[in-house]
$ cat coords_26.cif   # mmCIF, N, CA and C atoms
data_input
loop_
_atom_site.label_atom_id
_atom_site.label_comp_id
_atom_site.auth_asym_id
_atom_site.auth_seq_id
_atom_site.Cartn_x
_atom_site.Cartn_y
_atom_site.Cartn_z
N MET V 24 -9.61 -13.46 -4.22
CA MET V 24 -9.26 -12.48 -5.21
C MET V 24 -9.65 -12.98 -6.58
N SER V 25 -10.08 -12.05 -7.41
CA SER V 25 -10.49 -12.45 -8.74
C SER V 25 -9.37 -12.22 -9.75
N ARG V 26 -9.47 -12.91 -10.88
CA ARG V 26 -8.49 -12.75 -11.95
C ARG V 26 -9.15 -12.03 -13.11
N ARG V 27 -8.36 -11.32 -13.87
CA ARG V 27 -8.86 -10.66 -15.08
C ARG V 27 -8.15 -11.28 -16.26
N SER V 28 -8.72 -11.09 -17.46
CA SER V 28 -8.03 -11.61 -18.63
C SER V 28 -6.77 -10.77 -18.85
N VAL V 29 -5.78 -11.35 -19.50
CA VAL V 29 -4.52 -10.67 -19.72
C VAL V 29 -4.73 -9.39 -20.52
N ASN V 30 -5.70 -9.36 -21.42
CA ASN V 30 -5.93 -8.20 -22.27
C ASN V 30 -6.79 -7.14 -21.61
N GLU V 31 -7.49 -7.48 -20.53
CA GLU V 31 -8.38 -6.52 -19.88
C GLU V 31 -7.55 -5.48 -19.13
N SER V 32 -7.92 -4.23 -19.28
CA SER V 32 -7.19 -3.14 -18.65
C SER V 32 -8.00 -2.59 -17.48
N VAL V 33 -7.53 -2.81 -16.27
CA VAL V 33 -8.20 -2.31 -15.08
C VAL V 33 -7.55 -1.00 -14.68
N LYS V 34 -8.34 0.04 -14.56
CA LYS V 34 -7.83 1.36 -14.19
C LYS V 34 -7.93 1.56 -12.68
N VAL V 35 -6.97 2.28 -12.13
CA VAL V 35 -6.87 2.50 -10.70
C VAL V 35 -7.05 3.98 -10.42
N ALA V 36 -7.96 4.32 -9.50
CA ALA V 36 -8.22 5.71 -9.13
C ALA V 36 -7.77 6.03 -7.71
N GLU V 37 -7.19 5.04 -7.02
CA GLU V 37 -6.72 5.27 -5.65
C GLU V 37 -5.35 4.62 -5.46
N LEU V 38 -4.39 5.46 -5.08
CA LEU V 38 -3.06 4.96 -4.73
C LEU V 38 -3.04 4.71 -3.24
N LYS V 39 -2.33 3.66 -2.83
CA LYS V 39 -2.24 3.31 -1.41
C LYS V 39 -0.77 3.23 -1.04
N ILE V 40 -0.38 4.01 -0.03
CA ILE V 40 1.01 4.09 0.38
C ILE V 40 1.14 3.65 1.82
N ASP V 41 2.09 2.75 2.06
CA ASP V 41 2.39 2.25 3.40
C ASP V 41 3.73 2.82 3.84
N LYS V 42 3.71 3.70 4.82
CA LYS V 42 4.93 4.30 5.37
C LYS V 42 5.17 3.68 6.75
N ASP V 43 6.26 2.96 6.87
CA ASP V 43 6.55 2.25 8.12
C ASP V 43 7.38 3.10 9.08
N CYS V 44 6.87 4.29 9.38
CA CYS V 44 7.48 5.14 10.41
C CYS V 44 6.49 6.24 10.78
N PHE V 45 6.70 6.83 11.92
CA PHE V 45 5.91 7.97 12.35
C PHE V 45 6.78 9.21 12.23
N VAL V 46 6.19 10.30 11.73
CA VAL V 46 6.96 11.54 11.55
C VAL V 46 6.17 12.72 12.10
N ASP V 47 6.85 13.86 12.19
CA ASP V 47 6.20 15.09 12.66
C ASP V 47 5.20 15.59 11.61
N GLU V 48 4.23 16.35 12.07
CA GLU V 48 3.17 16.88 11.20
C GLU V 48 3.73 17.71 10.04
N ASP V 49 4.79 18.50 10.28
CA ASP V 49 5.34 19.31 9.19
C ASP V 49 5.95 18.43 8.09
N TRP V 50 6.44 17.26 8.44
CA TRP V 50 6.93 16.32 7.42
C TRP V 50 5.77 15.84 6.56
N ILE V 51 4.63 15.58 7.19
CA ILE V 51 3.46 15.13 6.45
C ILE V 51 2.99 16.22 5.50
N ASP V 52 3.00 17.48 5.95
CA ASP V 52 2.62 18.60 5.08
C ASP V 52 3.52 18.65 3.84
N GLU V 53 4.80 18.47 4.03
CA GLU V 53 5.75 18.47 2.91
C GLU V 53 5.52 17.26 2.01
N TYR V 54 5.20 16.13 2.59
CA TYR V 54 4.92 14.92 1.81
C TYR V 54 3.70 15.14 0.91
N VAL V 55 2.65 15.74 1.45
CA VAL V 55 1.46 16.05 0.65
C VAL V 55 1.86 16.92 -0.54
N HIS V 56 2.67 17.92 -0.32
CA HIS V 56 3.13 18.79 -1.41
C HIS V 56 3.89 17.98 -2.47
N ARG V 57 4.74 17.05 -2.05
CA ARG V 57 5.50 16.21 -2.98
C ARG V 57 4.59 15.27 -3.77
N ILE V 58 3.52 14.83 -3.17
CA ILE V 58 2.56 13.97 -3.87
C ILE V 58 1.86 14.77 -4.96
N VAL V 59 1.33 15.93 -4.59
CA VAL V 59 0.48 16.70 -5.48
C VAL V 59 1.26 17.35 -6.61
N VAL V 60 2.34 18.01 -6.29
CA VAL V 60 3.01 18.83 -7.30
C VAL V 60 3.90 18.03 -8.23
N PRO V 61 5.08 17.58 -7.81
CA PRO V 61 5.96 17.00 -8.84
C PRO V 61 5.61 15.59 -9.28
N THR V 62 5.15 14.75 -8.39
CA THR V 62 5.03 13.34 -8.74
C THR V 62 3.79 13.05 -9.57
N CYS V 63 2.62 13.29 -9.03
CA CYS V 63 1.40 12.95 -9.76
C CYS V 63 1.23 13.79 -11.02
N ARG V 64 1.52 15.07 -10.96
CA ARG V 64 1.40 15.92 -12.15
C ARG V 64 2.34 15.47 -13.26
N ALA V 65 3.52 14.99 -12.91
CA ALA V 65 4.48 14.53 -13.91
C ALA V 65 3.94 13.37 -14.73
N PHE V 66 2.99 12.63 -14.19
CA PHE V 66 2.41 11.49 -14.89
C PHE V 66 0.99 11.78 -15.37
N GLY V 67 0.61 13.05 -15.42
CA GLY V 67 -0.67 13.44 -15.99
C GLY V 67 -1.88 13.17 -15.11
N THR V 68 -1.68 13.06 -13.81
CA THR V 68 -2.80 12.84 -12.91
C THR V 68 -2.98 14.05 -12.00
N SER V 69 -4.19 14.22 -11.54
CA SER V 69 -4.50 15.25 -10.54
C SER V 69 -4.93 14.55 -9.27
N VAL V 70 -4.56 15.14 -8.14
CA VAL V 70 -4.93 14.57 -6.84
C VAL V 70 -6.23 15.21 -6.38
N ASN V 71 -7.24 14.38 -6.13
CA ASN V 71 -8.52 14.87 -5.61
C ASN V 71 -8.50 15.01 -4.11
N SER V 72 -7.94 13.99 -3.44
CA SER V 72 -7.87 14.03 -1.98
C SER V 72 -6.79 13.07 -1.50
N ILE V 73 -6.35 13.32 -0.28
CA ILE V 73 -5.41 12.43 0.39
C ILE V 73 -5.96 12.18 1.79
N LYS V 74 -6.09 10.91 2.13
CA LYS V 74 -6.55 10.52 3.47
C LYS V 74 -5.44 9.73 4.14
N MET V 75 -5.39 9.82 5.46
CA MET V 75 -4.32 9.19 6.22
C MET V 75 -4.89 8.53 7.46
N CYS V 76 -4.27 7.42 7.86
CA CYS V 76 -4.59 6.81 9.15
C CYS V 76 -3.36 6.04 9.63
N PRO V 77 -3.30 5.79 10.93
CA PRO V 77 -2.20 4.97 11.43
C PRO V 77 -2.32 3.56 10.89
N SER V 78 -1.18 2.93 10.60
CA SER V 78 -1.21 1.53 10.21
C SER V 78 -1.31 0.69 11.47
N ARG V 79 -1.30 -0.60 11.30
CA ARG V 79 -1.54 -1.50 12.43
C ARG V 79 -0.58 -1.27 13.59
N ARG V 80 0.69 -1.13 13.32
CA ARG V 80 1.65 -1.02 14.42
C ARG V 80 2.75 0.00 14.19
N LYS V 81 3.15 0.21 12.96
CA LYS V 81 4.45 0.86 12.79
C LYS V 81 4.50 2.04 11.84
N GLY V 82 3.41 2.73 11.62
CA GLY V 82 3.49 3.88 10.74
C GLY V 82 2.15 4.40 10.29
N LEU V 83 2.12 4.85 9.03
CA LEU V 83 0.96 5.51 8.48
C LEU V 83 0.57 4.91 7.13
N HIS V 84 -0.72 4.97 6.83
CA HIS V 84 -1.22 4.61 5.51
C HIS V 84 -1.81 5.87 4.88
N PHE V 85 -1.52 6.07 3.60
CA PHE V 85 -2.06 7.18 2.83
C PHE V 85 -2.90 6.62 1.69
N TYR V 86 -4.07 7.20 1.47
CA TYR V 86 -4.96 6.84 0.38
C TYR V 86 -5.11 8.08 -0.49
N ILE V 87 -4.63 7.99 -1.73
CA ILE V 87 -4.57 9.15 -2.62
C ILE V 87 -5.54 8.93 -3.78
N SER V 88 -6.59 9.73 -3.84
CA SER V 88 -7.57 9.66 -4.92
C SER V 88 -7.06 10.49 -6.09
N ILE V 89 -6.97 9.87 -7.28
CA ILE V 89 -6.44 10.56 -8.46
C ILE V 89 -7.42 10.50 -9.63
N THR V 90 -7.29 11.47 -10.53
CA THR V 90 -7.98 11.44 -11.83
C THR V 90 -7.00 11.88 -12.89
N PRO V 91 -7.06 11.35 -14.07
CA PRO V 91 -7.88 10.19 -14.43
C PRO V 91 -7.28 8.92 -13.84
N PRO V 92 -8.07 7.86 -13.77
CA PRO V 92 -7.53 6.57 -13.31
C PRO V 92 -6.42 6.11 -14.26
N VAL V 93 -5.47 5.35 -13.71
CA VAL V 93 -4.30 4.89 -14.48
C VAL V 93 -4.23 3.37 -14.49
N GLU V 94 -3.42 2.83 -15.41
CA GLU V 94 -3.18 1.39 -15.47
C GLU V 94 -2.56 0.92 -14.15
N ALA V 95 -2.80 -0.33 -13.80
CA ALA V 95 -2.29 -0.89 -12.55
C ALA V 95 -0.77 -0.77 -12.43
N SER V 96 -0.05 -1.05 -13.51
CA SER V 96 1.42 -0.99 -13.44
C SER V 96 1.90 0.44 -13.18
N LEU V 97 1.23 1.45 -13.75
CA LEU V 97 1.61 2.83 -13.47
C LEU V 97 1.24 3.20 -12.04
N ALA V 98 0.10 2.73 -11.56
CA ALA V 98 -0.28 3.00 -10.17
C ALA V 98 0.76 2.44 -9.22
N ASN V 99 1.22 1.22 -9.47
CA ASN V 99 2.24 0.62 -8.62
C ASN V 99 3.54 1.42 -8.69
N LYS V 100 3.89 1.88 -9.88
CA LYS V 100 5.10 2.71 -10.05
C LYS V 100 4.96 4.01 -9.27
N LEU V 101 3.80 4.67 -9.37
CA LEU V 101 3.58 5.91 -8.62
C LEU V 101 3.68 5.65 -7.12
N GLN V 102 3.11 4.55 -6.67
CA GLN V 102 3.20 4.20 -5.25
C GLN V 102 4.66 4.04 -4.83
N TRP V 103 5.46 3.40 -5.65
CA TRP V 103 6.89 3.24 -5.33
C TRP V 103 7.58 4.59 -5.30
N LEU V 104 7.30 5.45 -6.29
CA LEU V 104 7.90 6.79 -6.33
C LEU V 104 7.52 7.61 -5.11
N LEU V 105 6.33 7.34 -4.57
CA LEU V 105 5.86 8.08 -3.39
C LEU V 105 6.30 7.42 -2.08
N GLY V 106 7.16 6.40 -2.19
CA GLY V 106 7.77 5.83 -0.99
C GLY V 106 7.03 4.68 -0.36
N ASP V 107 6.19 3.99 -1.15
CA ASP V 107 5.50 2.83 -0.61
C ASP V 107 6.52 1.78 -0.18
N ASP V 108 6.16 0.97 0.78
CA ASP V 108 7.01 -0.12 1.26
C ASP V 108 7.48 -0.97 0.07
N THR V 109 8.78 -1.17 -0.05
CA THR V 109 9.34 -1.83 -1.23
C THR V 109 8.91 -3.29 -1.37
N LEU V 110 8.78 -4.00 -0.28
CA LEU V 110 8.32 -5.39 -0.36
C LEU V 110 6.88 -5.44 -0.86
N ARG V 111 6.06 -4.51 -0.41
CA ARG V 111 4.68 -4.42 -0.88
C ARG V 111 4.64 -4.12 -2.38
N VAL V 112 5.53 -3.24 -2.86
CA VAL V 112 5.61 -2.93 -4.29
C VAL V 112 5.93 -4.20 -5.09
N ASP V 113 6.88 -5.00 -4.60
CA ASP V 113 7.23 -6.26 -5.28
C ASP V 113 6.05 -7.23 -5.30
N PHE V 114 5.37 -7.38 -4.17
CA PHE V 114 4.19 -8.26 -4.13
C PHE V 114 3.12 -7.74 -5.09
N ASN V 115 2.90 -6.43 -5.10
CA ASN V 115 1.90 -5.85 -6.00
C ASN V 115 2.25 -6.13 -7.46
N ARG V 116 3.52 -5.99 -7.81
CA ARG V 116 3.94 -6.25 -9.19
C ARG V 116 3.63 -7.70 -9.57
N ALA V 117 3.92 -8.64 -8.69
CA ALA V 117 3.64 -10.05 -8.97
C ALA V 117 2.13 -10.28 -9.11
N ARG V 118 1.34 -9.63 -8.26
CA ARG V 118 -0.12 -9.78 -8.35
C ARG V 118 -0.64 -9.22 -9.66
N ILE V 119 -0.12 -8.06 -10.08
CA ILE V 119 -0.54 -7.45 -11.34
C ILE V 119 -0.18 -8.36 -12.51
N GLU V 120 1.07 -8.86 -12.53
CA GLU V 120 1.53 -9.70 -13.63
C GLU V 120 0.77 -11.03 -13.70
N SER V 121 0.26 -11.50 -12.56
CA SER V 121 -0.50 -12.75 -12.57
C SER V 121 -1.97 -12.52 -12.93
N GLY V 122 -2.37 -11.26 -13.08
CA GLY V 122 -3.72 -10.96 -13.51
C GLY V 122 -4.73 -10.71 -12.40
N LEU V 123 -4.28 -10.56 -11.16
CA LEU V 123 -5.22 -10.29 -10.06
C LEU V 123 -5.74 -8.86 -10.14
N THR V 124 -7.06 -8.71 -10.06
CA THR V 124 -7.63 -7.37 -10.09
C THR V 124 -7.54 -6.68 -8.73
N GLU V 125 -7.54 -7.46 -7.66
CA GLU V 125 -7.45 -6.89 -6.31
C GLU V 125 -6.02 -7.00 -5.80
N TRP V 126 -5.13 -6.30 -6.46
CA TRP V 126 -3.69 -6.41 -6.19
C TRP V 126 -3.22 -5.40 -5.15
N ASN V 127 -4.00 -4.38 -4.86
CA ASN V 127 -3.51 -3.22 -4.11
C ASN V 127 -4.18 -3.13 -2.74
N LYS V 128 -3.77 -4.00 -1.81
CA LYS V 128 -4.41 -4.07 -0.50
C LYS V 128 -3.48 -3.57 0.60
N LEU V 129 -4.09 -2.92 1.57
CA LEU V 129 -3.42 -2.55 2.81
C LEU V 129 -4.23 -3.13 3.95
N PHE V 130 -3.55 -3.66 4.97
CA PHE V 130 -4.27 -4.16 6.14
C PHE V 130 -4.75 -2.97 6.95
N GLU V 131 -6.00 -2.98 7.36
CA GLU V 131 -6.55 -1.93 8.21
C GLU V 131 -7.25 -2.54 9.40
N VAL V 132 -7.18 -1.87 10.51
CA VAL V 132 -7.92 -2.26 11.70
C VAL V 132 -9.39 -1.91 11.45
N PRO V 133 -10.32 -2.84 11.65
CA PRO V 133 -11.75 -2.54 11.44
C PRO V 133 -12.19 -1.34 12.27
N GLY V 134 -12.95 -0.45 11.64
CA GLY V 134 -13.47 0.72 12.34
C GLY V 134 -12.53 1.90 12.40
N ARG V 135 -11.33 1.77 11.90
CA ARG V 135 -10.38 2.89 11.92
C ARG V 135 -10.86 3.98 10.99
N ARG V 136 -10.77 5.21 11.43
CA ARG V 136 -11.23 6.34 10.63
C ARG V 136 -10.06 6.99 9.91
N LEU V 137 -10.30 7.33 8.65
CA LEU V 137 -9.30 8.04 7.86
C LEU V 137 -9.47 9.54 8.09
N ARG V 138 -8.36 10.25 8.17
CA ARG V 138 -8.38 11.70 8.33
C ARG V 138 -8.02 12.33 6.99
N VAL V 139 -8.86 13.20 6.47
CA VAL V 139 -8.57 13.90 5.21
C VAL V 139 -7.51 14.95 5.50
N ILE V 140 -6.39 14.88 4.77
CA ILE V 140 -5.32 15.85 4.97
C ILE V 140 -5.12 16.74 3.75
N TYR V 141 -5.83 16.44 2.64
CA TYR V 141 -5.78 17.26 1.44
C TYR V 141 -7.04 16.99 0.63
N ARG V 142 -7.66 18.05 0.11
CA ARG V 142 -8.83 17.90 -0.76
C ARG V 142 -8.83 19.08 -1.72
N THR V 143 -9.14 18.82 -2.99
CA THR V 143 -9.13 19.89 -3.97
C THR V 143 -10.40 20.72 -3.96
N GLU V 144 -11.54 20.12 -3.62
CA GLU V 144 -12.78 20.91 -3.59
C GLU V 144 -13.24 21.10 -2.15
N VAL V 145 -14.03 22.15 -1.94
CA VAL V 145 -14.55 22.44 -0.61
C VAL V 145 -15.79 21.58 -0.39
N PRO V 146 -15.83 20.81 0.70
CA PRO V 146 -17.02 19.97 0.95
C PRO V 146 -18.25 20.83 1.24
N GLU V 147 -19.43 20.32 0.81
CA GLU V 147 -20.68 21.03 1.09
C GLU V 147 -21.10 20.77 2.52
N HIS V 148 -21.75 21.79 3.13
CA HIS V 148 -22.24 21.65 4.51
C HIS V 148 -23.65 21.19 4.52
#

$ encode --input "coords_26.cif" --output "C-alpha cells"
Amino acid sequence: MSRRSVNESVKVAELKIDKDCFVDEDWIDEYVHRIVVPTCRAFGTSVNSIKMCPSRRKGLHFYISITPPVEASLANKLQWLLGDDTLRVDFNRARIESGLTEWNKLFEVPGRRLRVIYRTEVPEH
C-alpha cells in the first residue's frame, strides 16, 4: 500500500459496503432505494451505479459508483451510514488517518462477477 502526504486530498468515487448476511431480493431493492435517495443525496452525491456480488462466505458486497468523488473520510462515513461492517469502518478510519491511499479494500474471490442492480443511464447495445 502506498502513502500520501498529509495535505494531499484523495477523492473517492466508489463506496464499498460489506454486508455480513444474506437477505431476500425485495430487501435488496429497498436497500438500493435507501442508498440512492436519502443517504447519498443528503451528502451532495449522485449514484451512477450499484453492483453486487456474494462475499467470500457470509454475505454480500456492494460497489456504489458516485459523483462527484468525495474525501476519504466522508466516503468512510457514507459507508458506515449505509451499513458497512463496523470493524471494517474502524480499520478504514485508521488507514485513512495514517495516510494510506489504498484504504478501502474488500476481499474478493478471483473471477467473481459483479451483478449490476442499479444504473442511472441506459447501456448502449

$ resolve_selection --input "coords_26.cif" --expression "the PyMOL selection byres ((chain V and resi 93-110) around 7)" --output "PDB file with N, CA and C atoms, in the frame of the given file"
ATOM      1  N   SER V  32      -7.920  -4.230 -19.280  1.00  0.00           N
ATOM      2  CA  SER V  32      -7.190  -3.140 -18.650  1.00  0.00           C
ATOM      3  C   SER V  32      -8.000  -2.590 -17.480  1.00  0.00           C
ATOM      4  N   VAL V  33      -7.530  -2.810 -16.270  1.00  0.00           N
ATOM      5  CA  VAL V  33      -8.200  -2.310 -15.080  1.00  0.00           C
ATOM      6  C   VAL V  33      -7.550  -1.000 -14.680  1.00  0.00           C
ATOM      7  N   LYS V  34      -8.340   0.040 -14.560  1.00  0.00           N
ATOM      8  CA  LYS V  34      -7.830   1.360 -14.190  1.00  0.00           C
ATOM      9  C   LYS V  34      -7.930   1.560 -12.680  1.00  0.00           C
ATOM     10  N   VAL V  35      -6.970   2.280 -12.130  1.00  0.00           N
ATOM     11  CA  VAL V  35      -6.870   2.500 -10.700  1.00  0.00           C
ATOM     12  C   VAL V  35      -7.050   3.980 -10.420  1.00  0.00           C
ATOM     13  N   ALA V  36      -7.960   4.320  -9.500  1.00  0.00           N
ATOM     14  CA  ALA V  36      -8.220   5.710  -9.130  1.00  0.00           C
ATOM     15  C   ALA V  36      -7.770   6.030  -7.710  1.00  0.00           C
ATOM     16  N   GLU V  37      -7.190   5.040  -7.020  1.00  0.00           N
ATOM     17  CA  GLU V  37      -6.720   5.270  -5.650  1.00  0.00           C
ATOM     18  C   GLU V  37      -5.350   4.620  -5.460  1.00  0.00           C
ATOM     19  N   LEU V  38      -4.390   5.460  -5.080  1.00  0.00           N
ATOM     20  CA  LEU V  38      -3.060   4.960  -4.730  1.00  0.00           C
ATOM     21  C   LEU V  38      -3.040   4.710  -3.240  1.00  0.00           C
ATOM     22  N   LYS V  39      -2.330   3.660  -2.830  1.00  0.00           N
ATOM     23  CA  LYS V  39      -2.240   3.310  -1.410  1.00  0.00           C
ATOM     24  C   LYS V  39      -0.770   3.230  -1.040  1.00  0.00           C
ATOM     25  N   ILE V  40      -0.380   4.010  -0.030  1.00  0.00           N
ATOM     26  CA  ILE V  40       1.010   4.090   0.380  1.00  0.00           C
ATOM     27  C   ILE V  40       1.140   3.650   1.820  1.00  0.00           C
ATOM     28  N   ASP V  41       2.090   2.750   2.060  1.00  0.00           N
ATOM     29  CA  ASP V  41       2.390   2.250   3.400  1.00  0.00           C
ATOM     30  C   ASP V  41       3.730   2.820   3.840  1.00  0.00           C
ATOM     31  N   LYS V  42       3.710   3.700   4.820  1.00  0.00           N
ATOM     32  CA  LYS V  42       4.930   4.300   5.370  1.00  0.00           C
ATOM     33  C   LYS V  42       5.170   3.680   6.750  1.00  0.00           C
ATOM     34  N   ASP V  43       6.260   2.960   6.870  1.00  0.00           N
ATOM     35  CA  ASP V  43       6.550   2.250   8.120  1.00  0.00           C
ATOM     36  C   ASP V  43       7.380   3.100   9.080  1.00  0.00           C
ATOM     37  N   ILE V  58       3.520  14.830  -3.170  1.00  0.00           N
ATOM     38  CA  ILE V  58       2.560  13.970  -3.870  1.00  0.00           C
ATOM     39  C   ILE V  58       1.860  14.770  -4.960  1.00  0.00           C
ATOM     40  N   ILE V  89      -6.970   9.870  -7.280  1.00  0.00           N
ATOM     41  CA  ILE V  89      -6.440  10.560  -8.460  1.00  0.00           C
ATOM     42  C   ILE V  89      -7.420  10.500  -9.630  1.00  0.00           C
ATOM     43  N   THR V  90      -7.290  11.470 -10.530  1.00  0.00           N
ATOM     44  CA  THR V  90      -7.980  11.440 -11.830  1.00  0.00           C
ATOM     45  C   THR V  90      -7.000  11.880 -12.890  1.00  0.00           C
ATOM     46  N   PRO V  91      -7.060  11.350 -14.070  1.00  0.00           N
ATOM     47  CA  PRO V  91      -7.880  10.190 -14.430  1.00  0.00           C
ATOM     48  C   PRO V  91      -7.280   8.920 -13.840  1.00  0.00           C
ATOM     49  N   PRO V  92      -8.070   7.860 -13.770  1.00  0.00           N
ATOM     50  CA  PRO V  92      -7.530   6.570 -13.310  1.00  0.00           C
ATOM     51  C   PRO V  92      -6.420   6.110 -14.260  1.00  0.00           C
ATOM     52  N   ARG V 111       6.060  -4.510  -0.410  1.00  0.00           N
ATOM     53  CA  ARG V 111       4.680  -4.420  -0.880  1.00  0.00           C
ATOM     54  C   ARG V 111       4.640  -4.120  -2.380  1.00  0.00           C
ATOM     55  N   VAL V 112       5.530  -3.240  -2.860  1.00  0.00           N
ATOM     56  CA  VAL V 112       5.610  -2.930  -4.290  1.00  0.00           C
ATOM     57  C   VAL V 112       5.930  -4.200  -5.090  1.00  0.00           C
ATOM     58  N   ASP V 113       6.880  -5.000  -4.600  1.00  0.00           N
ATOM     59  CA  ASP V 113       7.230  -6.260  -5.280  1.00  0.00           C
ATOM     60  C   ASP V 113       6.050  -7.230  -5.300  1.00  0.00           C
ATOM     61  N   PHE V 114       5.370  -7.380  -4.170  1.00  0.00           N
ATOM     62  CA  PHE V 114       4.190  -8.260  -4.130  1.00  0.00           C
ATOM     63  C   PHE V 114       3.120  -7.740  -5.090  1.00  0.00           C
ATOM     64  N   ASN V 115       2.900  -6.430  -5.100  1.00  0.00           N
ATOM     65  CA  ASN V 115       1.900  -5.850  -6.000  1.00  0.00           C
ATOM     66  C   ASN V 115       2.250  -6.130  -7.460  1.00  0.00           C
ATOM     67  N   ARG V 116       3.520  -5.990  -7.810  1.00  0.00           N
ATOM     68  CA  ARG V 116       3.940  -6.250  -9.190  1.00  0.00           C
ATOM     69  C   ARG V 116       3.630  -7.700  -9.570  1.00  0.00           C
ATOM     70  N   ILE V 119      -0.120  -8.060 -10.080  1.00  0.00           N
ATOM     71  CA  ILE V 119      -0.540  -7.450 -11.340  1.00  0.00           C
ATOM     72  C   ILE V 119      -0.180  -8.360 -12.510  1.00  0.00           C
TER      73      ILE V 119
END

$ select_by_dssp --input "coords_26.cif" --residues "chain V" --states "alpha helix (DSSP H)" --output "ChimeraX atom specification"
/V:48-57,64-65,95-104,109-120

$ atom_distance --input "coords_26.cif" --atom1 "atom CA of V:Cys76" --atom2 "atom CA of V:Val60"
21.7 Å

$ closest_residue --input "coords_26.cif" --among "V:Val59, V:Ile73, V:Val46, V:Ile51" --to "V:Arg142" --atoms "only C-alpha atoms"
V:Ile73

$ atom_distance --input "coords_26.cif" --atom1 "atom CA of V:Ser72" --atom2 "atom CA of V:Ser121"
29.7 Å

$ closest_residue --input "coords_26.cif" --among "V:Ala65, V:Met75, V:Ala117, V:Leu123" --to "V:Ile87" --atoms "all atoms listed in the file"
V:Met75

$ atom_distance --input "coords_26.cif" --atom1 "atom N of V:Val139" --atom2 "atom C of V:Glu48"
13.8 Å

$ select_by_dssp --input "coords_26.cif" --residues "chain V" --states "strand (DSSP E)" --output "MDAnalysis selection string"
chainID V and resid 34:42 69:77 83:94 138:142

$ closest_residue --input "coords_26.cif" --among "V:Lys128, V:Glu120, V:Phe45, V:Ile140" --to "V:Lys81" --atoms "only C-alpha atoms"
V:Phe45

$ decode --input "coords_26.cif" --residues "stretch 38-54 of chain V" --atoms "N, CA and C atoms" --output "PDB file, in the first residue's frame"
ATOM      1  N   LEU V  38     -17.904   3.675  -3.342  1.00  0.00           N
ATOM      2  CA  LEU V  38     -18.118   3.218  -1.971  1.00  0.00           C
ATOM      3  C   LEU V  38     -18.190   1.700  -2.000  1.00  0.00           C
ATOM      4  N   LYS V  39     -17.662   1.070  -0.954  1.00  0.00           N
ATOM      5  CA  LYS V  39     -17.666  -0.393  -0.867  1.00  0.00           C
ATOM      6  C   LYS V  39     -18.311  -0.783   0.455  1.00  0.00           C
ATOM      7  N   ILE V  40     -19.354  -1.602   0.360  1.00  0.00           N
ATOM      8  CA  ILE V  40     -20.118  -1.998   1.535  1.00  0.00           C
ATOM      9  C   ILE V  40     -20.059  -3.505   1.695  1.00  0.00           C
ATOM     10  N   ASP V  41     -19.737  -3.938   2.909  1.00  0.00           N
ATOM     11  CA  ASP V  41     -19.679  -5.356   3.258  1.00  0.00           C
ATOM     12  C   ASP V  41     -20.859  -5.668   4.169  1.00  0.00           C
ATOM     13  N   LYS V  42     -21.804  -6.440   3.671  1.00  0.00           N
ATOM     14  CA  LYS V  42     -22.971  -6.863   4.453  1.00  0.00           C
ATOM     15  C   LYS V  42     -22.796  -8.342   4.795  1.00  0.00           C
ATOM     16  N   ASP V  43     -22.664  -8.625   6.073  1.00  0.00           N
ATOM     17  CA  ASP V  43     -22.409  -9.999   6.503  1.00  0.00           C
ATOM     18  C   ASP V  43     -23.700 -10.765   6.791  1.00  0.00           C
ATOM     19  N   CYS V  44     -24.578 -10.800   5.790  1.00  0.00           N
ATOM     20  CA  CYS V  44     -25.785 -11.625   5.870  1.00  0.00           C
ATOM     21  C   CYS V  44     -26.381 -11.742   4.476  1.00  0.00           C
ATOM     22  N   PHE V  45     -27.210 -12.731   4.291  1.00  0.00           N
ATOM     23  CA  PHE V  45     -27.940 -12.904   3.045  1.00  0.00           C
ATOM     24  C   PHE V  45     -29.391 -12.526   3.310  1.00  0.00           C
ATOM     25  N   VAL V  46     -29.992 -11.802   2.366  1.00  0.00           N
ATOM     26  CA  VAL V  46     -31.383 -11.364   2.542  1.00  0.00           C
ATOM     27  C   VAL V  46     -32.177 -11.639   1.269  1.00  0.00           C
ATOM     28  N   ASP V  47     -33.494 -11.493   1.377  1.00  0.00           N
ATOM     29  CA  ASP V  47     -34.373 -11.676   0.226  1.00  0.00           C
ATOM     30  C   ASP V  47     -34.175 -10.538  -0.780  1.00  0.00           C
ATOM     31  N   GLU V  48     -34.506 -10.821  -2.026  1.00  0.00           N
ATOM     32  CA  GLU V  48     -34.333  -9.847  -3.113  1.00  0.00           C
ATOM     33  C   GLU V  48     -35.093  -8.544  -2.852  1.00  0.00           C
ATOM     34  N   ASP V  49     -36.297  -8.613  -2.264  1.00  0.00           N
ATOM     35  CA  ASP V  49     -37.050  -7.377  -2.006  1.00  0.00           C
ATOM     36  C   ASP V  49     -36.340  -6.500  -0.970  1.00  0.00           C
ATOM     37  N   TRP V  50     -35.585  -7.093  -0.064  1.00  0.00           N
ATOM     38  CA  TRP V  50     -34.793  -6.300   0.885  1.00  0.00           C
ATOM     39  C   TRP V  50     -33.691  -5.558   0.138  1.00  0.00           C
ATOM     40  N   ILE V  51     -33.084  -6.219  -0.837  1.00  0.00           N
ATOM     41  CA  ILE V  51     -32.026  -5.587  -1.625  1.00  0.00           C
ATOM     42  C   ILE V  51     -32.600  -4.416  -2.420  1.00  0.00           C
ATOM     43  N   ASP V  52     -33.790  -4.586  -2.992  1.00  0.00           N
ATOM     44  CA  ASP V  52     -34.441  -3.493  -3.726  1.00  0.00           C
ATOM     45  C   ASP V  52     -34.652  -2.285  -2.808  1.00  0.00           C
ATOM     46  N   GLU V  53     -35.099  -2.515  -1.604  1.00  0.00           N
ATOM     47  CA  GLU V  53     -35.305  -1.427  -0.638  1.00  0.00           C
ATOM     48  C   GLU V  53     -33.970  -0.803  -0.236  1.00  0.00           C
ATOM     49  N   TYR V  54     -32.947  -1.617  -0.096  1.00  0.00           N
ATOM     50  CA  TYR V  54     -31.615  -1.111   0.249  1.00  0.00           C
ATOM     51  C   TYR V  54     -31.105  -0.174  -0.848  1.00  0.00           C
TER      52      TYR V  54
END
